file final17.cif (mmCIF, C-alpha atoms)
data_my_file
loop_
_atom_site.label_atom_id
_atom_site.label_comp_id
_atom_site.auth_asym_id
_atom_site.auth_seq_id
_atom_site.Cartn_x
_atom_site.Cartn_y
_atom_site.Cartn_z
CA MET A 267 139.66 201.32 102.61
CA LYS A 268 136.46 200.63 104.49
CA ARG A 269 136.79 197.46 106.55
CA THR A 270 133.38 195.91 107.12
CA THR A 271 135.05 193.38 109.39
CA GLU A 272 135.88 196.25 111.77
CA SER A 273 132.50 198.00 111.52
CA ALA A 274 130.38 198.41 114.64
CA SER A 275 128.13 195.51 115.52
CA HIS A 276 124.44 195.76 114.72
CA TYR A 277 123.87 194.95 118.39
CA THR A 278 124.71 196.88 121.51
CA ALA A 279 124.58 196.42 125.29
CA LEU A 280 125.53 192.80 124.86
CA GLU A 281 126.23 192.49 128.56
CA SER A 282 122.58 193.28 129.25
CA MET A 283 121.21 190.53 127.01
CA SER A 284 119.87 187.28 128.38
CA THR A 285 121.69 184.10 127.50
CA LEU A 286 118.84 183.18 125.14
CA ASP A 287 119.05 186.54 123.38
CA LEU A 288 122.83 186.27 123.00
CA LEU A 289 122.58 182.81 121.50
CA THR A 290 119.67 183.73 119.22
CA ASN A 291 121.35 186.87 117.93
CA ILE A 292 124.66 185.11 117.29
CA ASN A 293 122.78 182.42 115.40
CA ASN A 294 120.89 185.00 113.36
CA GLU A 295 124.18 186.53 112.28
CA ASP A 296 125.66 183.12 111.48
CA LYS A 297 122.73 182.41 109.15
CA THR A 298 123.94 185.15 106.82
CA VAL A 299 127.33 183.54 106.21
CA ALA A 300 126.23 180.88 103.72
CA HIS A 301 124.44 183.49 101.62
CA ALA A 302 127.61 185.62 101.49
CA ILE A 303 129.59 182.60 100.31
CA GLU A 304 126.99 181.71 97.70
CA LYS A 305 127.81 184.93 95.87
CA GLU A 306 131.46 183.85 95.70
CA ILE A 307 130.87 180.43 94.15
CA PRO A 308 131.81 181.61 90.63
CA ALA A 309 135.10 182.99 91.98
CA ILE A 310 135.81 179.76 93.86
CA GLU A 311 135.02 177.74 90.74
CA ARG A 312 137.44 179.75 88.62
CA PHE A 313 140.21 179.29 91.16
CA ILE A 314 139.67 175.55 91.53
CA ALA A 315 139.83 175.02 87.76
CA VAL A 316 143.36 176.44 87.59
CA CYS A 317 144.58 175.01 90.88
CA LEU A 318 143.35 171.54 89.90
CA GLU A 319 145.45 171.50 86.74
CA ARG A 320 148.52 172.47 88.72
CA MET A 321 147.92 169.76 91.31
CA ARG A 322 147.42 167.18 88.56
CA ASN A 323 150.88 168.16 87.34
CA GLY A 324 152.52 167.71 90.73
CA GLY A 325 151.85 171.11 92.29
CA ARG A 326 151.04 171.51 95.95
CA LEU A 327 148.47 173.68 97.73
CA PHE A 328 149.64 175.99 100.50
CA TYR A 329 147.50 177.99 102.91
CA ILE A 330 149.05 180.88 104.82
CA GLY A 331 147.57 183.10 107.49
CA ALA A 332 147.92 184.57 110.98
CA GLY A 333 145.86 183.96 114.10
CA THR A 334 142.46 182.42 113.50
CA SER A 335 142.96 182.51 109.73
CA GLY A 336 146.23 180.60 110.00
CA ARG A 337 144.71 178.03 112.34
CA LEU A 338 141.82 177.42 109.95
CA GLY A 339 144.26 176.77 107.11
CA ILE A 340 146.22 174.32 109.23
CA VAL A 341 143.05 172.47 110.24
CA ASP A 342 141.92 172.09 106.63
CA ALA A 343 145.34 170.99 105.41
CA SER A 344 145.88 168.53 108.27
CA GLU A 345 142.57 166.81 107.58
CA CYS A 346 143.32 166.05 103.93
CA PRO A 347 145.68 163.07 104.42
CA PRO A 348 143.44 161.12 106.83
CA THR A 349 140.24 161.95 104.95
CA PHE A 350 141.41 161.48 101.39
CA GLY A 351 144.56 159.38 101.72
CA ILE A 352 146.90 161.89 100.07
CA ASP A 353 150.52 162.13 101.15
CA GLN A 354 151.56 164.58 103.80
CA GLY A 355 152.88 167.75 102.20
CA ILE A 356 150.45 167.92 99.29
CA VAL A 357 148.23 170.38 101.15
CA VAL A 358 150.12 172.47 103.70
CA GLY A 359 148.99 175.05 106.25
CA ILE A 360 151.40 177.72 107.52
CA ILE A 361 150.74 180.13 110.39
CA ALA A 362 152.58 183.29 111.40
CA GLY A 363 154.69 182.53 114.45
CA GLY A 364 155.15 178.85 113.64
CA ASP A 365 153.52 175.81 115.19
CA SER A 366 153.52 177.33 118.68
CA ALA A 367 151.08 179.95 117.38
CA ILE A 368 148.48 177.24 116.76
CA ARG A 369 147.73 177.19 120.48
CA LYS A 370 149.05 180.51 121.72
CA ALA A 371 149.18 183.87 119.98
CA VAL A 372 152.69 185.02 119.05
CA GLU A 373 152.89 188.78 119.48
CA PHE A 374 153.47 190.83 116.33
CA ALA A 375 154.19 187.73 114.21
CA GLU A 376 151.61 188.84 111.67
CA ASP A 377 153.34 192.19 111.15
CA ASP A 378 156.48 190.76 109.52
CA THR A 379 156.24 191.17 105.74
CA GLN A 380 159.30 188.99 105.06
CA GLN A 381 158.69 185.98 107.26
CA GLY A 382 155.82 184.45 105.28
CA TRP A 383 157.97 183.79 102.24
CA LYS A 384 160.82 182.57 104.43
CA ASP A 385 158.43 180.06 105.99
CA LEU A 386 157.32 178.90 102.55
CA GLU A 387 160.91 178.48 101.34
CA GLU A 388 161.39 175.76 103.95
CA TYR A 389 159.14 173.61 101.73
CA SER A 390 161.28 174.03 98.62
CA ILE A 391 158.50 176.02 97.01
CA THR A 392 158.27 175.97 93.20
CA SER A 393 156.33 177.75 90.48
CA LYS A 394 154.06 174.70 90.15
CA ASP A 395 152.63 175.35 93.62
CA THR A 396 149.58 177.36 94.65
CA LEU A 397 149.36 179.76 97.59
CA VAL A 398 146.10 180.78 99.25
CA GLY A 399 146.39 183.75 101.60
CA ILE A 400 143.80 183.80 104.37
CA ALA A 401 143.10 187.06 106.20
CA ALA A 402 139.69 188.27 107.35
CA SER A 403 140.73 191.91 107.01
CA GLY A 404 142.73 191.34 103.85
CA THR A 405 145.49 193.52 105.27
CA THR A 406 147.75 191.15 107.25
CA PRO A 407 151.39 192.04 106.40
CA TYR A 408 152.65 188.47 106.90
CA VAL A 409 150.18 187.22 104.30
CA LEU A 410 150.59 190.11 101.87
CA GLY A 411 154.37 189.76 101.87
CA ALA A 412 154.12 186.04 101.14
CA ILE A 413 151.65 186.62 98.32
CA SER A 414 153.86 189.28 96.75
CA GLU A 415 156.89 187.01 96.69
CA ALA A 416 154.81 184.06 95.51
CA LYS A 417 153.66 186.05 92.49
CA ASN A 418 157.26 187.06 91.78
CA HIS A 419 158.19 183.38 91.75
CA GLY A 420 155.38 182.29 89.42
CA LEU A 421 153.02 180.67 91.90
CA LEU A 422 149.26 180.75 91.42
CA THR A 423 147.74 182.90 94.16
CA ALA A 424 144.32 183.24 95.75
CA GLY A 425 143.07 185.16 98.75
CA ILE A 426 140.21 184.52 101.17
CA SER A 427 139.14 187.68 102.97
CA CYS A 428 135.91 189.36 104.03
CA ASN A 429 136.64 192.94 102.94
CA PRO A 430 136.02 193.70 99.25
CA GLY A 431 138.75 195.83 97.74
CA SER A 432 141.28 194.88 100.40
CA PRO A 433 145.00 194.75 99.58
CA LEU A 434 144.80 190.95 99.58
CA SER A 435 141.89 190.90 97.15
CA GLU A 436 143.67 193.37 94.90
CA SER A 437 146.99 191.51 94.86
CA VAL A 438 146.02 187.87 94.21
CA ASP A 439 145.12 186.15 90.95
CA PHE A 440 141.86 184.85 92.39
CA PRO A 441 140.18 186.89 95.15
CA ILE A 442 137.47 185.11 97.13
CA THR A 443 135.67 187.67 99.24
CA PRO A 444 132.53 186.68 101.15
CA GLU A 445 131.34 189.94 102.72
CA VAL A 446 129.75 188.84 105.97
CA GLY A 447 129.41 192.33 107.46
CA PRO A 448 130.03 193.48 111.03
CA GLU A 449 130.69 190.87 113.68
CA PHE A 450 128.33 190.30 116.63
CA VAL A 451 131.16 191.43 118.89
CA THR A 452 132.72 194.33 117.01
CA GLY A 453 135.93 193.27 115.27
CA SER A 454 135.86 189.66 116.54
CA THR A 455 136.62 188.06 113.19
CA ARG A 456 136.92 184.59 114.71
CA MET A 457 133.11 184.61 114.47
CA LYS A 458 131.34 185.15 111.10
CA SER A 459 134.54 185.85 109.18
CA GLY A 460 136.17 182.73 110.60
CA THR A 461 133.10 180.67 109.79
CA ALA A 462 133.11 181.97 106.22
CA GLN A 463 136.80 181.16 105.80
CA LYS A 464 136.28 177.65 107.16
CA LEU A 465 133.38 176.99 104.80
CA VAL A 466 135.33 178.24 101.78
CA LEU A 467 138.32 176.08 102.72
CA ASN A 468 136.01 173.07 103.02
CA MET A 469 134.69 173.79 99.54
CA ILE A 470 138.13 174.19 98.01
CA SER A 471 139.81 171.13 99.49
CA THR A 472 136.82 168.80 99.15
CA THR A 473 136.17 169.75 95.53
CA LEU A 474 139.84 169.39 94.63
CA MET A 475 140.03 165.96 96.26
CA VAL A 476 136.87 164.77 94.50
CA LYS A 477 138.24 165.98 91.16
CA LEU A 478 141.57 164.30 91.90
CA GLY A 479 139.74 160.98 92.26
CA ARG A 480 139.91 160.66 96.03
CA VAL A 481 136.18 160.02 96.46
CA LYS A 482 134.08 157.27 94.87
CA GLY A 483 130.33 157.77 94.76
CA ASN A 484 130.07 159.69 98.00
CA LYS A 485 132.59 157.73 100.02
CA MET A 486 136.12 158.40 101.30
CA VAL A 487 137.57 155.25 99.80
CA ASP A 488 141.18 156.31 100.41
CA MET A 489 140.75 157.40 104.05
CA GLN A 490 143.40 156.37 106.55
CA LEU A 491 142.22 153.64 108.91
CA SER A 492 143.48 155.36 112.04
CA ASN A 493 140.89 154.23 114.60
CA ASN A 494 138.23 151.57 115.19
CA LYS A 495 135.40 153.83 114.02
CA LEU A 496 137.08 154.35 110.65
CA VAL A 497 137.90 150.66 110.30
CA ASP A 498 134.23 149.84 110.90
CA ARG A 499 133.19 152.50 108.38
CA GLY A 500 135.61 151.04 105.84
CA ILE A 501 134.25 147.54 106.32
CA LYS A 502 130.71 148.76 105.73
CA MET A 503 131.82 150.67 102.62
CA ILE A 504 133.24 147.44 101.21
CA GLN A 505 130.00 145.63 102.01
CA ASP A 506 128.05 148.30 100.15
CA GLU A 507 130.28 147.98 97.09
CA ILE A 508 130.64 144.21 96.67
CA ASN A 509 127.89 142.63 98.82
CA VAL A 510 129.96 140.42 101.10
CA SER A 511 129.61 139.59 104.78
CA TYR A 512 131.02 141.82 107.48
CA ALA A 513 133.67 139.20 108.28
CA ASP A 514 134.72 138.89 104.65
CA ALA A 515 134.84 142.65 104.23
CA GLU A 516 136.96 142.93 107.37
CA LYS A 517 139.39 140.36 106.00
CA LEU A 518 139.62 142.18 102.67
CA LEU A 519 140.28 145.49 104.38
CA SER A 520 142.98 143.94 106.56
CA THR A 521 144.61 142.35 103.51
CA PHE A 522 144.57 145.35 101.17
CA GLY A 523 144.78 148.25 103.65
CA SER A 524 142.21 150.56 102.06
CA VAL A 525 138.62 150.45 100.85
CA ARG A 526 139.59 151.23 97.26
CA LYS A 527 142.29 148.56 97.09
CA ALA A 528 140.06 146.01 98.80
CA VAL A 529 137.22 146.51 96.32
CA ASP A 530 139.57 146.57 93.32
CA GLY A 531 141.39 143.49 94.57
CA TYR A 532 138.16 141.59 95.08
CA ASN A 533 136.81 142.53 91.67
CA SER A 534 140.03 141.59 89.90
CA SER A 535 139.90 138.14 91.48
CA LEU A 536 136.50 137.32 90.01
#
call {"tool": "encode", "arguments": {"input": "final17.cif", "output": "structure tokens"}}
result
Amino acid sequence: MKRTTESASHYTALESMSTLDLLTNINNEDKTVAHAIEKEIPAIERFIAVCLERMRNGGRLFYIGAGTSGRLGIVDASECPPTFGIDQGIVVGIIAGGDSAIRKAVEFAEDDTQQGWKDLEEYSITSKDTLVGIAASGTTPYVLGAISEAKNHGLLTAGISCNPGSPLSESVDFPITPEVGPEFVTGSTRMKSGTAQKLVLNMISTTLMVKLGRVKGNKMVDMQLSNNKLVDRGIKMIQDEINVSYADAEKLLSTFGSVRKAVDGYNSSL
């Protein structure tokens, strides 16, 4: 299999480039990522349609990966509760090597074909759940082993990789494969490949949350009020919805605990 993620960079003698040239060339490569993802929108749409039905019926969404890919899954999953107000454990990110691998690489953790499924079993995984494998190369043993077992247990599976025809793409129900080409630094898939994976994850989780009713208009009406900035944002959202003073909106938010409940409570009292 040809791995475009491991192909030689289009640039050479990087150490001889000026800082401006380095930054400009990296940016030029980054500009290609969105176009690569655009070609995958139909594949992402097909996956979301099936995943959404499962989540509406109580299924959960799991991301699994190693290294940068695993960290990106954890970031996306961890942002869903505060942004959209869903319970912890509805969207879950798992990384090879466990939580310590979020900050520091765990040697050879990605090479264990059995551990991925073992890690998933800790969450009492069921056939209603969905598993998204994330691997830039599409060849990570930890991810492939988890996907294989997930399919055996009836889970819906998808894979986000950047190598068409990779083992991951070939093994999942829904392959999502933005081909971003060689990295600026040869093989450094934390760059364009990582950016592509992050953008796809944003698209998946945001679209699912919108379709699950966690956004009203264009606002995060179920967000967790975990700091002063978000409290202020919530107050202004309420003002936009029901045309009350800042002080009244603040009181409503304090009483009901969320923008959605505050607006609904106010409207029901009229």
call {"tool": "resolve_selection", "arguments": {"input": "final17.cif", "expression": "the PyMOL selection byres ((chain A and resi 351-362) around 9)", "output": "PDB file with C-alpha atoms, in the coordinates of the input"}}
result
ATOM      1  CA  MET A 321     147.920 169.760  91.310  1.00  0.00           C
ATOM      2  CA  GLY A 324     152.520 167.710  90.730  1.00  0.00           C
ATOM      3  CA  GLY A 325     151.850 171.110  92.290  1.00  0.00           C
ATOM      4  CA  ARG A 326     151.040 171.510  95.950  1.00  0.00           C
ATOM      5  CA  LEU A 327     148.470 173.680  97.730  1.00  0.00           C
ATOM      6  CA  PHE A 328     149.640 175.990 100.500  1.00  0.00           C
ATOM      7  CA  TYR A 329     147.500 177.990 102.910  1.00  0.00           C
ATOM      8  CA  ILE A 330     149.050 180.880 104.820  1.00  0.00           C
ATOM      9  CA  GLY A 331     147.570 183.100 107.490  1.00  0.00           C
ATOM     10  CA  ALA A 332     147.920 184.570 110.980  1.00  0.00           C
ATOM     11  CA  GLY A 333     145.860 183.960 114.100  1.00  0.00           C
ATOM     12  CA  SER A 335     142.960 182.510 109.730  1.00  0.00           C
ATOM     13  CA  GLY A 336     146.230 180.600 110.000  1.00  0.00           C
ATOM     14  CA  ARG A 337     144.710 178.030 112.340  1.00  0.00           C
ATOM     15  CA  LEU A 338     141.820 177.420 109.950  1.00  0.00           C
ATOM     16  CA  GLY A 339     144.260 176.770 107.110  1.00  0.00           C
ATOM     17  CA  ILE A 340     146.220 174.320 109.230  1.00  0.00           C
ATOM     18  CA  VAL A 341     143.050 172.470 110.240  1.00  0.00           C
ATOM     19  CA  ASP A 342     141.920 172.090 106.630  1.00  0.00           C
ATOM     20  CA  ALA A 343     145.340 170.990 105.410  1.00  0.00           C
ATOM     21  CA  SER A 344     145.880 168.530 108.270  1.00  0.00           C
ATOM     22  CA  CYS A 346     143.320 166.050 103.930  1.00  0.00           C
ATOM     23  CA  PRO A 347     145.680 163.070 104.420  1.00  0.00           C
ATOM     24  CA  PRO A 348     143.440 161.120 106.830  1.00  0.00           C
ATOM     25  CA  THR A 349     140.240 161.950 104.950  1.00  0.00           C
ATOM     26  CA  PHE A 350     141.410 161.480 101.390  1.00  0.00           C
ATOM     27  CA  GLY A 363     154.690 182.530 114.450  1.00  0.00           C
ATOM     28  CA  GLY A 364     155.150 178.850 113.640  1.00  0.00           C
ATOM     29  CA  ASP A 365     153.520 175.810 115.190  1.00  0.00           C
ATOM     30  CA  ALA A 367     151.080 179.950 117.380  1.00  0.00           C
ATOM     31  CA  ILE A 368     148.480 177.240 116.760  1.00  0.00           C
ATOM     32  CA  VAL A 372     152.690 185.020 119.050  1.00  0.00           C
ATOM     33  CA  ALA A 375     154.190 187.730 114.210  1.00  0.00           C
ATOM     34  CA  GLU A 376     151.610 188.840 111.670  1.00  0.00           C
ATOM     35  CA  ASP A 377     153.340 192.190 111.150  1.00  0.00           C
ATOM     36  CA  ASP A 378     156.480 190.760 109.520  1.00  0.00           C
ATOM     37  CA  GLN A 381     158.690 185.980 107.260  1.00  0.00           C
ATOM     38  CA  GLY A 382     155.820 184.450 105.280  1.00  0.00           C
ATOM     39  CA  ASP A 385     158.430 180.060 105.990  1.00  0.00           C
ATOM     40  CA  LEU A 386     157.320 178.900 102.550  1.00  0.00           C
ATOM     41  CA  TYR A 389     159.140 173.610 101.730  1.00  0.00           C
ATOM     42  CA  TYR A 408     152.650 188.470 106.900  1.00  0.00           C
ATOM     43  CA  VAL A 409     150.180 187.220 104.300  1.00  0.00           C
ATOM     44  CA  SER A 471     139.810 171.130  99.490  1.00  0.00           C
ATOM     45  CA  MET A 475     140.030 165.960  96.260  1.00  0.00           C
ATOM     46  CA  ARG A 480     139.910 160.660  96.030  1.00  0.00           C
ATOM     47  CA  MET A 486     136.120 158.400 101.300  1.00  0.00           C
ATOM     48  CA  VAL A 487     137.570 155.250  99.800  1.00  0.00           C
ATOM     49  CA  ASP A 488     141.180 156.310 100.410  1.00  0.00           C
ATOM     50  CA  MET A 489     140.750 157.400 104.050  1.00  0.00           C
ATOM     51  CA  GLN A 490     143.400 156.370 106.550  1.00  0.00           C
TER      52      GLN A 490
END
call {"tool": "atom_distance", "arguments": {"input": "final17.cif", "atom1": "CA of Thr270 in chain A", "atom2": "CA of Thr443 in chain A"}}
result
11.6 Å
call {"tool": "residues_around", "arguments": {"input": "final17.cif", "residues": "Ala462 in chain A", "least_positions_apart": "6", "cutoff": "10 Å", "atoms": "only C-alpha atoms", "output": "ChimeraX atom specification"}}
result
/A:296,298-303,402,426-428,443-446,455-456,468
call {"tool": "closest_residue", "arguments": {"input": "final17.cif", "among": "A:Met503, A:Val525, A:Met457, A:Ala416", "to": "Asn293 in chain A", "atoms": "all atoms listed in the file"}}
result
A:Met457
call {"tool": "resolve_selection", "arguments": {"input": "final17.cif", "expression": "the PyMOL selection byres ((chain A and resi 431) around 12)", "output": "mmCIF file with C-alpha atoms, in the coordinates of the input"}}
result
data_model
loop_
_atom_site.group_PDB
_atom_site.id
_atom_site.type_symbol
_atom_site.label_atom_id
_atom_site.label_comp_id
_atom_site.auth_asym_id
_atom_site.auth_seq_id
_atom_site.Cartn_x
_atom_site.Cartn_y
_atom_site.Cartn_z
ATOM 1 C CA MET A 267 139.660 201.320 102.610
ATOM 2 C CA LYS A 268 136.460 200.630 104.490
ATOM 3 C CA ARG A 269 136.790 197.460 106.550
ATOM 4 C CA THR A 270 133.380 195.910 107.120
ATOM 5 C CA SER A 403 140.730 191.910 107.010
ATOM 6 C CA GLY A 404 142.730 191.340 103.850
ATOM 7 C CA THR A 405 145.490 193.520 105.270
ATOM 8 C CA GLY A 425 143.070 185.160 98.750
ATOM 9 C CA ILE A 426 140.210 184.520 101.170
ATOM 10 C CA SER A 427 139.140 187.680 102.970
ATOM 11 C CA CYS A 428 135.910 189.360 104.030
ATOM 12 C CA ASN A 429 136.640 192.940 102.940
ATOM 13 C CA PRO A 430 136.020 193.700 99.250
ATOM 14 C CA SER A 432 141.280 194.880 100.400
ATOM 15 C CA PRO A 433 145.000 194.750 99.580
ATOM 16 C CA LEU A 434 144.800 190.950 99.580
ATOM 17 C CA SER A 435 141.890 190.900 97.150
ATOM 18 C CA GLU A 436 143.670 193.370 94.900
ATOM 19 C CA SER A 437 146.990 191.510 94.860
ATOM 20 C CA VAL A 438 146.020 187.870 94.210
ATOM 21 C CA PRO A 441 140.180 186.890 95.150
ATOM 22 C CA ILE A 442 137.470 185.110 97.130
ATOM 23 C CA THR A 443 135.670 187.670 99.240
ATOM 24 C CA PRO A 444 132.530 186.680 101.150
ATOM 25 C CA GLU A 445 131.340 189.940 102.720
#
call {"tool": "residues_around", "arguments": {"input": "final17.cif", "residues": "Ala513 in chain A", "least_positions_apart": "3", "cutoff": "12 Å", "atoms": "only C-alpha atoms", "output": "PDB file with C-alpha atoms, in the coordinates of the input"}}
result
ATOM      1  CA  ASP A 498     134.230 149.840 110.900  1.00  0.00           C
ATOM      2  CA  ILE A 501     134.250 147.540 106.320  1.00  0.00           C
ATOM      3  CA  LYS A 502     130.710 148.760 105.730  1.00  0.00           C
ATOM      4  CA  ILE A 504     133.240 147.440 101.210  1.00  0.00           C
ATOM      5  CA  GLN A 505     130.000 145.630 102.010  1.00  0.00           C
ATOM      6  CA  ASN A 509     127.890 142.630  98.820  1.00  0.00           C
ATOM      7  CA  VAL A 510     129.960 140.420 101.100  1.00  0.00           C
ATOM      8  CA  GLU A 516     136.960 142.930 107.370  1.00  0.00           C
ATOM      9  CA  LYS A 517     139.390 140.360 106.000  1.00  0.00           C
ATOM     10  CA  LEU A 518     139.620 142.180 102.670  1.00  0.00           C
ATOM     11  CA  LEU A 519     140.280 145.490 104.380  1.00  0.00           C
ATOM     12  CA  SER A 520     142.980 143.940 106.560  1.00  0.00           C
TER      13      SER A 520
END
call {"tool": "atom_distance", "arguments": {"input": "final17.cif", "atom1": "CA of Leu467 in chain A", "atom2": "CA of Phe450 in chain A"}}
result
22.3 Å
call {"tool": "atom_distance", "arguments": {"input": "final17.cif", "atom1": "CA of Thr392 in chain A", "atom2": "CA of Ser366 in chain A"}}
result
26.0 Å
call {"tool": "residues_near_point", "arguments": {"input": "final17.cif", "point": "(149.8, 180.8, 90.4)", "cutoff": "12 Å", "atoms": "all atoms listed in the file", "output": "JSON, numbers by chain"}}
result
{"A": [313, 314, 315, 316, 317, 318, 319, 320, 321, 325, 326, 327, 328, 391, 392, 393, 394, 395, 396, 397, 398, 413, 414, 415, 416, 417, 418, 419, 420, 421, 422, 423, 424, 425, 437, 438, 439, 440]}
call {"tool": "build_atoms", "arguments": {"input": "final17.cif", "residues": "range 500-521 of chain A", "atoms": "N, CA and C atoms", "output": "compact mmCIF listing (two decimals), in the coordinates of the input"}}
result
# COMPACT_ATOMS: atom_id res chain seq x y z
N GLY A 500 135.02 151.62 107.04
CA GLY A 500 135.61 151.04 105.84
C GLY A 500 135.03 149.68 105.51
N ILE A 501 134.83 148.87 106.54
CA ILE A 501 134.25 147.54 106.32
C ILE A 501 132.86 147.66 105.71
N LYS A 502 132.08 148.59 106.24
CA LYS A 502 130.71 148.76 105.73
C LYS A 502 130.70 149.34 104.31
N MET A 503 131.69 150.17 103.99
CA MET A 503 131.82 150.67 102.62
C MET A 503 132.06 149.50 101.67
N ILE A 504 132.94 148.60 102.06
CA ILE A 504 133.24 147.44 101.21
C ILE A 504 131.99 146.59 101.03
N GLN A 505 131.24 146.39 102.11
CA GLN A 505 130.00 145.63 102.01
C GLN A 505 129.04 146.27 101.01
N ASP A 506 128.95 147.59 101.06
CA ASP A 506 128.05 148.30 100.15
C ASP A 506 128.46 148.11 98.69
N GLU A 507 129.78 148.04 98.47
CA GLU A 507 130.28 147.98 97.09
C GLU A 507 130.20 146.58 96.49
N ILE A 508 130.50 145.54 97.29
CA ILE A 508 130.64 144.21 96.67
C ILE A 508 129.75 143.14 97.33
N ASN A 509 128.90 143.53 98.26
CA ASN A 509 127.89 142.63 98.82
C ASN A 509 128.50 141.35 99.40
N VAL A 510 129.38 141.55 100.37
CA VAL A 510 129.96 140.42 101.10
C VAL A 510 129.61 140.56 102.58
N SER A 511 129.89 139.54 103.34
CA SER A 511 129.61 139.59 104.78
C SER A 511 130.54 140.55 105.49
N TYR A 512 130.17 140.93 106.69
CA TYR A 512 131.02 141.82 107.48
C TYR A 512 132.39 141.19 107.69
N ALA A 513 132.40 139.89 108.02
CA ALA A 513 133.67 139.20 108.28
C ALA A 513 134.55 139.18 107.03
N ASP A 514 133.94 138.92 105.89
CA ASP A 514 134.72 138.89 104.65
C ASP A 514 135.25 140.28 104.29
N ALA A 515 134.40 141.27 104.50
CA ALA A 515 134.84 142.65 104.23
C ALA A 515 135.98 143.04 105.15
N GLU A 516 135.89 142.63 106.39
CA GLU A 516 136.96 142.93 107.37
C GLU A 516 138.27 142.28 106.94
N LYS A 517 138.18 141.06 106.45
CA LYS A 517 139.39 140.36 106.00
C LYS A 517 139.99 141.05 104.79
N LEU A 518 139.13 141.47 103.86
CA LEU A 518 139.62 142.18 102.67
C LEU A 518 140.31 143.48 103.04
N LEU A 519 139.70 144.21 103.96
CA LEU A 519 140.28 145.49 104.38
C LEU A 519 141.63 145.28 105.05
N SER A 520 141.72 144.25 105.88
CA SER A 520 142.98 143.94 106.56
C SER A 520 144.06 143.53 105.56
N THR A 521 143.65 142.83 104.51
CA THR A 521 144.61 142.35 103.51
C THR A 521 145.13 143.47 102.63
